[in-house]
Amino acid sequence: MELYFLGGRPWRETQLIYHALPRLARPAVVICWPESPYLCLGFSQDLEREVDAEFCARRGLPVFRRAVGGGLVYLDSDQVFFQVVLPKRQGLVPVDAVYRRCLAPVREALGEMGVVAEFRPACDLVVAGRKISGNGGGEIAGHPVVVGNVLLDFDFATMAGAVRAPTELFRAKVREMMELRLTTLTRELGAMPEREAVAECLARAFARAFGPLAPGRVDGALRAEMDAVAEEMAGPDWPGHEPRPVPGRVVKIAEGCYVRHMEGGGLQATWVEVEGALHEAHFSGPAVAGRGEAWERLARALTGVPLTSAALGARVRAWARREGLDVDALEVARLLTGHDGRAETGAGAEAGAV
Amino acid sequence: MAWEAEVLGWRFPDDRLYHREHLWVKQEGGEAVVGVTEYVARTAGAVLYVTLPPAGSTVQAGAELCALEAAKWVGHFPAPAAGSITAVNSALAERPGTVNADPYGAGWLVRLAPERPVEAAEGLMTAEAYQEYVARLELEEAGAL
């Protein structure tokens, strides 16, 4: 395998390189960071649904759709990227094993810097439960590819601003939860580490795990392939899928943590899901009008309740009886369980997940 | 499904043929229905997105047919036979988890009009042969990574 130790690069190159390397059958580890900020959308996501286009235009933030999985991420030079292109293989990729293998050196590098991180499936690295490195992967030209980053610092405000939000409350919750559930090297170490030192630490750890790694160079063939990838991605056949009908809105903050929003029956509900339970619900809309305090009591009563129709329905029914309100408990429960579990947007630390 | 091959609890009905990239293909009249096997459905994680080709398009055997995303991983699957796509399972856009829940039924992916009967397509295996193939892969995988 080769090591492309690239340092700062124009933002587009930091994406194109790991798309081009497998097409040239060059297994490699790439370490780099972008010279300017941008947003990166997961392969399967719908651009219009995920991104606040007006905000991005105002801030001059370009958006790139990658060929690998995960959610929308905000990327800038306060993050160091690692991208692993494994040798081509036949058959179904053992995804969990590949993630573990590719993230072990990152965990080791973090340890060397004094930060104890754990692997959390599917592919997060967390420090005391807070995500410091989010990752994604997929097959490109038959090669398993894992990409991710380490957060040196993170611009929570810009990430929250770039997410398409049905309400400003939703956006505020996204930011609040990112600040709670993500961490950075600056936060863990008490000071911003040198970007180059972090990159070198990662490179050494990958060399130990995958070595020996021959120095890689962005030569003419690689440059030409990156141009070819860029051209294909600008063409009509990319990404090859139409927007999908998905109920409501959800932003994934980290594994097990989502901010959700649903509307129906005159009710708007925004809430945080943590490990399958409901937290911080907020109800609004015509159904709530004139009964705001009662619905606030429901929000409190639902805190910590598992997101199942049965559990929610029972709690809503009991609340409606106490309040003397004629509310269809099942309908409220359905609204709160109406999502299909899809992780549409991986804000922030999916932020890691290039 | 009169008979099923089984390995490690994964079932492979013998009323269809199998591709080495873990797809099944079943001839139904002049059409072939394609889906992923239970091996994929049980080991890939919860499928969150299914990307299918447009109905009316044509595919070559071995060329990319579809992509599934699970566990933040995008996996690509080749067409098990050449032909034109006559229908896609559009219900999967809203309920992608059906691929996990019912891979041999409601979780089908596409229907295609094959260039020739699938029995004559190259590289397809019987359920029994696929069972042996999966068992061999699992053994290899245990020591591979």
# chains A, B, ... in the order shown; residues from 1 in each chain; ligands from 1

$ select_by_dssp --residues "range 20-63 of chain A" --states "strand (DSSP E or B)" --output "list of chain:residue names"
A:Ala28, A:Val29, A:Val30, A:Ile31, A:Cys32, A:Trp33, A:Pro34, A:Tyr38, A:Leu39, A:Cys40, A:Leu41, A:Val51, A:Val63

$ residues_around --residues "range 124-127 of chain B" --least-positions-apart "4" --cutoff "12 Å" --atoms "only C-alpha atoms" --output "CSV table (one decimal) with C-alpha atoms, in the first residue's frame"
chain,number,residue,atom,x,y,z
B,1,MET,CA,-40.4,-23.1,-1.8
B,2,ALA,CA,-40.2,-26.8,-1.7
B,3,TRP,CA,-36.8,-27.1,-0.2
B,4,GLU,CA,-34.3,-24.8,1.3
B,5,ALA,CA,-30.5,-25.0,1.6
B,6,GLU,CA,-29.3,-23.5,4.9
B,7,VAL,CA,-26.0,-22.5,6.4
B,10,TRP,CA,-29.5,-18.4,6.6
B,11,ARG,CA,-32.0,-20.0,4.2
B,12,PHE,CA,-31.6,-20.3,0.5
B,13,PRO,CA,-34.8,-21.5,-1.3
B,14,ASP,CA,-34.3,-23.9,-4.1
B,15,ASP,CA,-36.9,-22.3,-6.4
B,16,ARG,CA,-34.4,-19.8,-7.7
B,17,LEU,CA,-30.8,-19.4,-8.8
B,18,TYR,CA,-28.0,-17.5,-7.0
B,19,HIS,CA,-25.2,-15.2,-8.0
B,20,ARG,CA,-21.8,-15.2,-6.3
B,21,GLU,CA,-22.3,-11.5,-5.3
B,22,HIS,CA,-25.2,-12.8,-3.1
B,23,LEU,CA,-28.2,-12.1,-5.3
B,24,TRP,CA,-31.0,-14.4,-6.2
B,25,VAL,CA,-32.8,-14.5,-9.5
B,26,LYS,CA,-36.1,-16.3,-10.1
B,37,THR,CA,-30.1,-13.3,-0.3
B,38,GLU,CA,-30.7,-13.8,3.4
B,61,ALA,CA,-24.6,-9.2,-16.7
B,62,GLY,CA,-21.9,-8.2,-14.2
B,79,ALA,CA,-26.8,-7.6,-12.5
B,80,PRO,CA,-26.9,-11.4,-12.3
B,81,ALA,CA,-28.2,-11.5,-15.9
B,117,PRO,CA,-33.7,-17.6,-19.8
B,118,VAL,CA,-31.9,-17.2,-16.5
B,119,GLU,CA,-31.2,-21.0,-16.4
B,120,ALA,CA,-28.9,-20.4,-19.4
B,131,GLN,CA,-25.0,-22.8,0.3
B,132,GLU,CA,-21.6,-24.5,-0.1
B,133,TYR,CA,-20.1,-21.3,-1.5
B,134,VAL,CA,-21.4,-19.2,1.5

$ residues_around --residues "Glu296 in chain A" --least-positions-apart "5" --cutoff "9 Å" --atoms "only C-alpha atoms" --output "ChimeraX atom specification"
/A:281-283,291,301

$ write_last_selection --atoms "C-alpha atoms" --output "JSON list (two decimals), in the first residue's frame"
[["chain", "number", "residue", "atom", "x", "y", "z"],
["A", 281, "ALA", "CA", -40.15, 16.92, 23.14],
["A", 282, "HIS", "CA", -41.74, 20.16, 22.01],
["A", 283, "PHE", "CA", -45.28, 20.33, 20.64],
["A", 291, "ARG", "CA", -53.46, 24.36, 25.75],
["A", 301, "ALA", "CA", -44.25, 13.03, 30.98]]

$ closest_atom_pairs --of "chain A" --to "chain B" --cutoff "10 Å" --atoms "only C-alpha atoms" --output "CSV"
residue,atom,partner,partner_atom,distance
A:Gly42,CA,B:Lys72,CA,8.6
A:Phe43,CA,B:Val74,CA,7.6
A:Ser44,CA,B:Tyr49,CA,6.4
A:Gln45,CA,B:Tyr49,CA,8.5
A:Ala67,CA,B:Val74,CA,7.7
A:Val68,CA,B:Val74,CA,5.5
A:Gly69,CA,B:Lys72,CA,4.4
A:Gly70,CA,B:Lys72,CA,4.4
A:Gly71,CA,B:Lys72,CA,7.9
A:Gln90,CA,B:Glu21,CA,7.9
A:Gly91,CA,B:Glu21,CA,5.3
A:Leu92,CA,B:Glu21,CA,6.6
A:Val93,CA,B:Gly75,CA,8.1
A:Pro94,CA,B:Ala44,CA,8.0
A:Val95,CA,B:Ala44,CA,7.3
A:Asp96,CA,B:Ala71,CA,8.5
A:Ala97,CA,B:Leu145,CA,7.0
A:Val98,CA,B:Leu145,CA,7.7
A:Tyr99,CA,B:Trp73,CA,9.6
A:Arg100,CA,B:Leu145,CA,9.9
A:Arg101,CA,B:Leu145,CA,7.9
A:Pro121,CA,B:Ala71,CA,8.3
A:Ala122,CA,B:Ala71,CA,5.5
A:Cys123,CA,B:Ala71,CA,7.7
A:Asn135,CA,B:Lys72,CA,7.8
A:Gly136,CA,B:Lys72,CA,5.2
A:Gly137,CA,B:Trp73,CA,4.6
A:Gly138,CA,B:Val74,CA,4.2
A:Glu139,CA,B:Gly75,CA,5.7
A:Ile140,CA,B:His76,CA,8.5
A:Ala141,CA,B:His76,CA,9.4
A:Gly142,CA,B:His76,CA,8.5
A:Pro144,CA,B:Gly75,CA,9.1
A:Val145,CA,B:Trp73,CA,9.2
A:Val146,CA,B:Trp73,CA,8.7
A:Pro239,CA,B:Thr51,CA,9.3
A:Gly240,CA,B:Pro53,CA,7.4
A:His241,CA,B:Thr51,CA,6.0
A:Glu242,CA,B:Thr51,CA,8.6
A:Pro243,CA,B:Ala93,CA,9.0
A:Arg244,CA,B:Ala93,CA,5.7
A:Pro245,CA,B:Glu94,CA,5.9
A:Val246,CA,B:Glu94,CA,6.0
A:Pro247,CA,B:Glu94,CA,8.3
A:His339,CA,B:Glu94,CA,9.9
A:Asp340,CA,B:Arg95,CA,7.0
A:Gly341,CA,B:Leu48,CA,7.7
A:Arg342,CA,B:Leu48,CA,5.3
A:Ala343,CA,B:Leu48,CA,7.2
A:Glu344,CA,B:Leu48,CA,8.7
A:Gly346,CA,B:Lys72,CA,9.8
A:Glu350,CA,B:Lys72,CA,9.8
A:Ala353,CA,B:Lys72,CA,9.0

$ write_last_selection --atoms "N, CA and C atoms" --output "short mmCIF file (atom, residue, chain, number, x, y, z; two decimals), in the first residue's frame"
data_model
loop_
_atom_site.label_atom_id
_atom_site.label_comp_id
_atom_site.auth_asym_id
_atom_site.auth_seq_id
_atom_site.Cartn_x
_atom_site.Cartn_y
_atom_site.Cartn_z
N GLY A 42 -23.71 12.39 1.93
CA GLY A 42 -23.57 10.95 1.73
C GLY A 42 -24.14 10.53 0.39
N PHE A 43 -23.64 9.41 -0.14
CA PHE A 43 -24.06 8.95 -1.46
C PHE A 43 -25.57 8.88 -1.61
N SER A 44 -26.25 8.34 -0.60
CA SER A 44 -27.68 8.04 -0.75
C SER A 44 -28.59 9.21 -0.42
N GLN A 45 -28.03 10.28 0.10
CA GLN A 45 -28.89 11.37 0.61
C GLN A 45 -29.46 12.24 -0.50
N ALA A 67 -19.16 9.11 -2.86
CA ALA A 67 -19.69 7.81 -3.29
C ALA A 67 -19.81 6.82 -2.14
N VAL A 68 -19.47 7.25 -0.94
CA VAL A 68 -19.55 6.36 0.21
C VAL A 68 -20.65 6.83 1.16
N GLY A 69 -20.90 6.03 2.20
CA GLY A 69 -22.09 6.23 3.02
C GLY A 69 -21.94 7.24 4.14
N GLY A 70 -23.02 7.34 4.93
CA GLY A 70 -23.06 8.28 6.04
C GLY A 70 -23.89 9.50 5.68
N GLY A 71 -23.80 10.50 6.56
CA GLY A 71 -24.66 11.66 6.40
C GLY A 71 -23.92 12.93 6.02
N GLN A 90 -13.32 -9.81 -3.75
CA GLN A 90 -14.56 -10.37 -4.29
C GLN A 90 -15.56 -10.56 -3.16
N GLY A 91 -16.81 -10.53 -3.51
CA GLY A 91 -17.84 -10.93 -2.54
C GLY A 91 -18.20 -9.84 -1.56
N LEU A 92 -19.09 -10.23 -0.65
CA LEU A 92 -19.62 -9.29 0.33
C LEU A 92 -18.52 -8.83 1.28
N VAL A 93 -18.44 -7.54 1.48
CA VAL A 93 -17.41 -6.99 2.37
C VAL A 93 -17.86 -7.18 3.82
N PRO A 94 -17.00 -7.74 4.68
CA PRO A 94 -17.35 -7.84 6.10
C PRO A 94 -17.19 -6.47 6.74
N VAL A 95 -18.25 -5.70 6.66
CA VAL A 95 -18.16 -4.26 6.95
C VAL A 95 -17.66 -3.97 8.36
N ASP A 96 -18.21 -4.67 9.33
CA ASP A 96 -17.80 -4.39 10.72
C ASP A 96 -16.30 -4.63 10.90
N ALA A 97 -15.82 -5.74 10.35
CA ALA A 97 -14.39 -6.06 10.48
C ALA A 97 -13.53 -5.02 9.76
N VAL A 98 -14.00 -4.56 8.61
CA VAL A 98 -13.24 -3.55 7.86
C VAL A 98 -13.19 -2.23 8.63
N TYR A 99 -14.33 -1.83 9.18
CA TYR A 99 -14.33 -0.60 9.98
C TYR A 99 -13.36 -0.72 11.17
N ARG A 100 -13.46 -1.84 11.86
CA ARG A 100 -12.61 -2.01 13.05
C ARG A 100 -11.13 -1.98 12.67
N ARG A 101 -10.82 -2.63 11.55
CA ARG A 101 -9.41 -2.68 11.13
C ARG A 101 -8.90 -1.29 10.75
N PRO A 121 -19.89 0.79 17.28
CA PRO A 121 -20.48 0.41 16.00
C PRO A 121 -21.61 1.35 15.60
N ALA A 122 -21.86 1.66 14.35
CA ALA A 122 -21.21 1.03 13.25
C ALA A 122 -19.76 1.47 13.05
N CYS A 123 -19.48 2.76 13.19
CA CYS A 123 -18.12 3.18 12.86
C CYS A 123 -17.75 4.52 13.50
N ASN A 135 -17.22 8.26 10.69
CA ASN A 135 -16.64 7.63 9.51
C ASN A 135 -17.72 7.04 8.62
N GLY A 136 -17.32 6.72 7.43
CA GLY A 136 -18.25 6.08 6.50
C GLY A 136 -17.43 5.23 5.53
N GLY A 137 -18.14 4.49 4.70
CA GLY A 137 -17.39 3.64 3.78
C GLY A 137 -18.24 3.13 2.65
N GLY A 138 -17.62 2.32 1.85
CA GLY A 138 -18.33 1.74 0.72
C GLY A 138 -17.34 1.11 -0.25
N GLU A 139 -17.90 0.57 -1.30
CA GLU A 139 -17.05 -0.03 -2.33
C GLU A 139 -16.91 0.96 -3.47
N ILE A 140 -15.68 1.17 -3.90
CA ILE A 140 -15.43 1.99 -5.09
C ILE A 140 -14.56 1.15 -6.01
N ALA A 141 -15.06 0.87 -7.20
CA ALA A 141 -14.35 0.04 -8.17
C ALA A 141 -13.91 -1.29 -7.56
N GLY A 142 -14.76 -1.83 -6.69
CA GLY A 142 -14.47 -3.13 -6.08
C GLY A 142 -13.54 -3.08 -4.88
N PRO A 144 -12.82 -1.93 -1.03
CA PRO A 144 -13.42 -1.37 0.19
C PRO A 144 -12.69 -0.07 0.53
N VAL A 145 -13.46 0.96 0.82
CA VAL A 145 -12.88 2.28 1.14
C VAL A 145 -13.52 2.77 2.43
N VAL A 146 -12.69 3.18 3.38
CA VAL A 146 -13.18 3.77 4.63
C VAL A 146 -12.61 5.18 4.74
N PRO A 239 -26.11 11.14 -8.96
CA PRO A 239 -25.70 9.90 -8.32
C PRO A 239 -26.51 8.68 -8.78
N GLY A 240 -27.44 8.89 -9.68
CA GLY A 240 -28.18 7.73 -10.18
C GLY A 240 -29.41 7.40 -9.36
N HIS A 241 -29.85 8.31 -8.52
CA HIS A 241 -31.11 8.06 -7.82
C HIS A 241 -31.89 9.35 -7.64
N GLU A 242 -33.18 9.21 -7.53
CA GLU A 242 -34.09 10.34 -7.37
C GLU A 242 -34.34 10.57 -5.88
N PRO A 243 -34.84 11.77 -5.53
CA PRO A 243 -35.21 11.98 -4.12
C PRO A 243 -36.22 10.94 -3.65
N ARG A 244 -36.11 10.54 -2.41
CA ARG A 244 -36.97 9.48 -1.86
C ARG A 244 -38.00 10.07 -0.91
N PRO A 245 -39.18 9.48 -0.89
CA PRO A 245 -40.19 9.96 0.06
C PRO A 245 -39.86 9.46 1.47
N VAL A 246 -39.61 10.38 2.35
CA VAL A 246 -39.30 10.01 3.73
C VAL A 246 -40.15 10.89 4.64
N PRO A 247 -40.83 10.30 5.61
CA PRO A 247 -41.66 11.13 6.49
C PRO A 247 -40.82 11.96 7.44
N HIS A 339 -41.09 7.68 11.99
CA HIS A 339 -39.85 7.57 11.22
C HIS A 339 -39.52 6.11 10.99
N ASP A 340 -38.75 5.88 9.95
CA ASP A 340 -38.39 4.50 9.62
C ASP A 340 -36.99 4.13 10.09
N GLY A 341 -36.41 4.96 10.96
CA GLY A 341 -35.10 4.62 11.49
C GLY A 341 -33.95 5.04 10.58
N ARG A 342 -34.27 5.64 9.45
CA ARG A 342 -33.25 6.05 8.50
C ARG A 342 -32.41 7.18 9.08
N ALA A 343 -31.12 7.09 8.97
CA ALA A 343 -30.24 8.16 9.44
C ALA A 343 -29.94 9.07 8.27
N GLU A 344 -30.74 10.12 8.18
CA GLU A 344 -30.61 10.94 6.98
C GLU A 344 -29.39 11.82 7.00
N GLY A 346 -25.97 13.07 9.09
CA GLY A 346 -25.06 12.85 10.19
C GLY A 346 -24.37 14.13 10.50
N GLU A 350 -20.82 13.05 12.37
CA GLU A 350 -20.77 12.40 11.15
C GLU A 350 -19.90 13.35 10.45
N ALA A 353 -17.43 11.88 9.51
CA ALA A 353 -17.56 10.98 8.37
C ALA A 353 -17.52 11.78 7.12
#

$ select_by_dssp --residues "chain B" --states "alpha helix (DSSP H)" --output "ChimeraX atom specification"
/B:38-43,91-94,98-101,127-144

$ write_last_selection --atoms "C-alpha atoms" --output "compact mmCIF listing (two decimals), in the first residue's frame"
# COMPACT_ATOMS: atom_id res chain seq x y z
CA GLU B 38 -30.66 -13.81 3.35
CA TYR B 39 -26.88 -13.81 3.77
CA VAL B 40 -26.88 -10.11 2.89
CA ALA B 41 -30.14 -9.41 4.71
CA ARG B 42 -28.80 -10.77 7.98
CA THR B 43 -25.17 -9.66 7.86
CA ALA B 91 -41.83 0.56 -2.03
CA LEU B 92 -38.25 0.16 -0.84
CA ALA B 93 -37.71 3.93 -1.08
CA GLU B 94 -40.03 4.39 1.89
CA THR B 98 -38.10 -4.71 3.89
CA VAL B 99 -34.89 -5.98 2.30
CA ASN B 100 -33.81 -7.19 5.73
CA ALA B 101 -37.23 -8.42 6.81
CA ALA B 127 -29.30 -23.20 -3.84
CA GLU B 128 -27.14 -26.14 -2.84
CA ALA B 129 -24.08 -24.83 -4.66
CA TYR B 130 -24.64 -21.36 -3.21
CA GLN B 131 -24.96 -22.84 0.27
CA GLU B 132 -21.57 -24.49 -0.14
CA TYR B 133 -20.13 -21.25 -1.53
CA VAL B 134 -21.36 -19.23 1.46
CA ALA B 135 -20.08 -21.83 3.91
CA ARG B 136 -16.66 -21.67 2.22
CA LEU B 137 -16.68 -17.86 2.31
CA GLU B 138 -17.47 -17.84 6.00
CA LEU B 139 -14.59 -20.19 6.69
CA GLU B 140 -12.22 -18.04 4.64
CA GLU B 141 -13.49 -14.85 6.23
CA ALA B 142 -12.80 -16.16 9.70
CA GLY B 143 -9.08 -16.00 8.98
CA ALA B 144 -8.94 -13.26 6.41

$ residues_around --residues "Leu151 in chain A" --least-positions-apart "3" --cutoff "8 Å" --atoms "only C-alpha atoms" --output "MDAnalysis selection string"
chainID A and resid 78:80 132:133 154 183:185 352

$ write_last_selection --atoms "C-alpha atoms" --output "compact mmCIF listing (two decimals), in the first residue's frame"
# COMPACT_ATOMS: atom_id res chain seq x y z
CA ASP A 78 -9.77 22.07 11.74
CA GLN A 79 -10.18 18.40 10.84
CA VAL A 80 -7.57 15.93 9.66
CA ILE A 132 -14.52 12.56 18.07
CA SER A 133 -14.26 10.75 14.76
CA PHE A 154 -15.54 22.05 15.20
CA THR A 183 -16.03 16.35 21.23
CA THR A 184 -12.79 17.59 19.72
CA LEU A 185 -9.09 17.32 20.44
CA GLY A 352 -16.16 13.11 11.01

$ atom_distance --atom1 "CA of Ala106 in chain B" --atom2 "CA of Ile85 in chain B"
17.6 Å

$ closest_residue --among "B:Val34, B:Ala87, B:Ala121, B:Leu112" --to "Val59 in chain B" --atoms "only C-alpha atoms"
B:Leu112

$ atom_distance --atom1 "CA of Leu6 in chain A" --atom2 "CA of Cys32 in chain A"
5.1 Å

$ atom_distance --atom1 "CA of Val127 in chain A" --atom2 "CA of Gly148 in chain A"
15.9 Å

$ residues_around --residues "Ala314 in chain A" --least-positions-apart "3" --cutoff "12 Å" --atoms "only C-alpha atoms" --output "PyMOL selection string"
chain A and resi 298+301-302+305-311+317-321+328-333

$ decode --residues "range 26-111 of chain B" --atoms "C-alpha atoms" --output "PDB file, in the first residue's frame"
ATOM      1  CA  LYS B  26     -36.112 -16.262 -10.102  1.00  0.00           C
ATOM      2  CA  GLN B  27     -37.706 -16.795 -13.480  1.00  0.00           C
ATOM      3  CA  GLU B  28     -41.398 -15.884 -13.481  1.00  0.00           C
ATOM      4  CA  GLY B  29     -42.882 -16.331 -16.931  1.00  0.00           C
ATOM      5  CA  GLY B  30     -40.898 -14.166 -19.286  1.00  0.00           C
ATOM      6  CA  GLU B  31     -39.422 -12.100 -16.499  1.00  0.00           C
ATOM      7  CA  ALA B  32     -36.752 -12.621 -13.873  1.00  0.00           C
ATOM      8  CA  VAL B  33     -37.140 -11.249 -10.349  1.00  0.00           C
ATOM      9  CA  VAL B  34     -33.941 -10.253  -8.554  1.00  0.00           C
ATOM     10  CA  GLY B  35     -33.196  -9.710  -4.870  1.00  0.00           C
ATOM     11  CA  VAL B  36     -30.449 -10.132  -2.299  1.00  0.00           C
ATOM     12  CA  THR B  37     -30.056 -13.338  -0.334  1.00  0.00           C
ATOM     13  CA  GLU B  38     -30.659 -13.814   3.350  1.00  0.00           C
ATOM     14  CA  TYR B  39     -26.882 -13.812   3.768  1.00  0.00           C
ATOM     15  CA  VAL B  40     -26.885 -10.105   2.885  1.00  0.00           C
ATOM     16  CA  ALA B  41     -30.137  -9.408   4.705  1.00  0.00           C
ATOM     17  CA  ARG B  42     -28.799 -10.773   7.984  1.00  0.00           C
ATOM     18  CA  THR B  43     -25.172  -9.661   7.861  1.00  0.00           C
ATOM     19  CA  ALA B  44     -25.168  -6.217   6.229  1.00  0.00           C
ATOM     20  CA  GLY B  45     -27.039  -4.390   9.001  1.00  0.00           C
ATOM     21  CA  ALA B  46     -30.270  -2.438   8.701  1.00  0.00           C
ATOM     22  CA  VAL B  47     -30.652  -1.261   5.116  1.00  0.00           C
ATOM     23  CA  LEU B  48     -31.363   2.483   5.111  1.00  0.00           C
ATOM     24  CA  TYR B  49     -31.270   3.264   1.402  1.00  0.00           C
ATOM     25  CA  VAL B  50     -31.785   1.265  -1.773  1.00  0.00           C
ATOM     26  CA  THR B  51     -30.656   2.762  -5.074  1.00  0.00           C
ATOM     27  CA  LEU B  52     -32.222   1.018  -8.062  1.00  0.00           C
ATOM     28  CA  PRO B  53     -31.871   1.570 -11.808  1.00  0.00           C
ATOM     29  CA  PRO B  54     -34.755   3.264 -13.623  1.00  0.00           C
ATOM     30  CA  ALA B  55     -37.400   1.016 -15.151  1.00  0.00           C
ATOM     31  CA  GLY B  56     -36.822   0.783 -18.878  1.00  0.00           C
ATOM     32  CA  SER B  57     -33.038   0.824 -18.615  1.00  0.00           C
ATOM     33  CA  THR B  58     -30.913  -2.088 -19.755  1.00  0.00           C
ATOM     34  CA  VAL B  59     -28.184  -3.834 -17.822  1.00  0.00           C
ATOM     35  CA  GLN B  60     -25.352  -6.139 -18.806  1.00  0.00           C
ATOM     36  CA  ALA B  61     -24.552  -9.182 -16.708  1.00  0.00           C
ATOM     37  CA  GLY B  62     -21.934  -8.179 -14.163  1.00  0.00           C
ATOM     38  CA  ALA B  63     -22.479  -4.432 -14.580  1.00  0.00           C
ATOM     39  CA  GLU B  64     -23.768  -2.486 -11.600  1.00  0.00           C
ATOM     40  CA  LEU B  65     -27.434  -3.102 -10.879  1.00  0.00           C
ATOM     41  CA  CYS B  66     -28.073  -1.432  -7.545  1.00  0.00           C
ATOM     42  CA  ALA B  67     -26.606  -0.081  -4.320  1.00  0.00           C
ATOM     43  CA  LEU B  68     -27.644  -0.678  -0.731  1.00  0.00           C
ATOM     44  CA  GLU B  69     -26.579   1.476   2.195  1.00  0.00           C
ATOM     45  CA  ALA B  70     -26.395  -0.015   5.670  1.00  0.00           C
ATOM     46  CA  ALA B  71     -24.136   0.844   8.596  1.00  0.00           C
ATOM     47  CA  LYS B  72     -22.934   3.928   6.683  1.00  0.00           C
ATOM     48  CA  TRP B  73     -21.543   1.577   4.048  1.00  0.00           C
ATOM     49  CA  VAL B  74     -22.561   1.718   0.389  1.00  0.00           C
ATOM     50  CA  GLY B  75     -22.373  -1.724  -1.194  1.00  0.00           C
ATOM     51  CA  HIS B  76     -22.846  -2.248  -4.911  1.00  0.00           C
ATOM     52  CA  PHE B  77     -24.425  -5.296  -6.525  1.00  0.00           C
ATOM     53  CA  PRO B  78     -24.022  -6.453 -10.135  1.00  0.00           C
ATOM     54  CA  ALA B  79     -26.760  -7.599 -12.465  1.00  0.00           C
ATOM     55  CA  PRO B  80     -26.924 -11.411 -12.327  1.00  0.00           C
ATOM     56  CA  ALA B  81     -28.161 -11.525 -15.923  1.00  0.00           C
ATOM     57  CA  ALA B  82     -28.394  -9.203 -18.901  1.00  0.00           C
ATOM     58  CA  GLY B  83     -31.758  -7.690 -19.800  1.00  0.00           C
ATOM     59  CA  SER B  84     -34.014  -4.686 -19.586  1.00  0.00           C
ATOM     60  CA  ILE B  85     -35.532  -3.534 -16.307  1.00  0.00           C
ATOM     61  CA  THR B  86     -39.308  -3.893 -16.471  1.00  0.00           C
ATOM     62  CA  ALA B  87     -40.090  -2.834 -12.887  1.00  0.00           C
ATOM     63  CA  VAL B  88     -38.371  -1.737  -9.702  1.00  0.00           C
ATOM     64  CA  ASN B  89     -39.588  -2.198  -6.160  1.00  0.00           C
ATOM     65  CA  SER B  90     -40.411   1.437  -5.463  1.00  0.00           C
ATOM     66  CA  ALA B  91     -41.834   0.563  -2.034  1.00  0.00           C
ATOM     67  CA  LEU B  92     -38.253   0.159  -0.845  1.00  0.00           C
ATOM     68  CA  ALA B  93     -37.712   3.931  -1.076  1.00  0.00           C
ATOM     69  CA  GLU B  94     -40.027   4.392   1.887  1.00  0.00           C
ATOM     70  CA  ARG B  95     -39.427   1.041   3.574  1.00  0.00           C
ATOM     71  CA  PRO B  96     -35.851  -0.033   2.816  1.00  0.00           C
ATOM     72  CA  GLY B  97     -35.879  -2.326   5.842  1.00  0.00           C
ATOM     73  CA  THR B  98     -38.102  -4.710   3.886  1.00  0.00           C
ATOM     74  CA  VAL B  99     -34.888  -5.976   2.297  1.00  0.00           C
ATOM     75  CA  ASN B 100     -33.809  -7.192   5.734  1.00  0.00           C
ATOM     76  CA  ALA B 101     -37.232  -8.418   6.809  1.00  0.00           C
ATOM     77  CA  ASP B 102     -38.294 -10.315   3.710  1.00  0.00           C
ATOM     78  CA  PRO B 103     -35.427 -10.673   1.230  1.00  0.00           C
ATOM     79  CA  TYR B 104     -37.079 -13.467  -0.780  1.00  0.00           C
ATOM     80  CA  GLY B 105     -40.524 -11.830  -0.941  1.00  0.00           C
ATOM     81  CA  ALA B 106     -41.532  -8.186  -0.480  1.00  0.00           C
ATOM     82  CA  GLY B 107     -37.864  -7.174  -0.410  1.00  0.00           C
ATOM     83  CA  TRP B 108     -37.295  -7.986  -4.080  1.00  0.00           C
ATOM     84  CA  LEU B 109     -35.302  -5.343  -5.979  1.00  0.00           C
ATOM     85  CA  VAL B 110     -36.066  -5.393  -9.703  1.00  0.00           C
ATOM     86  CA  ARG B 111     -37.855  -7.372 -12.386  1.00  0.00           C
TER      87      ARG B 111
END
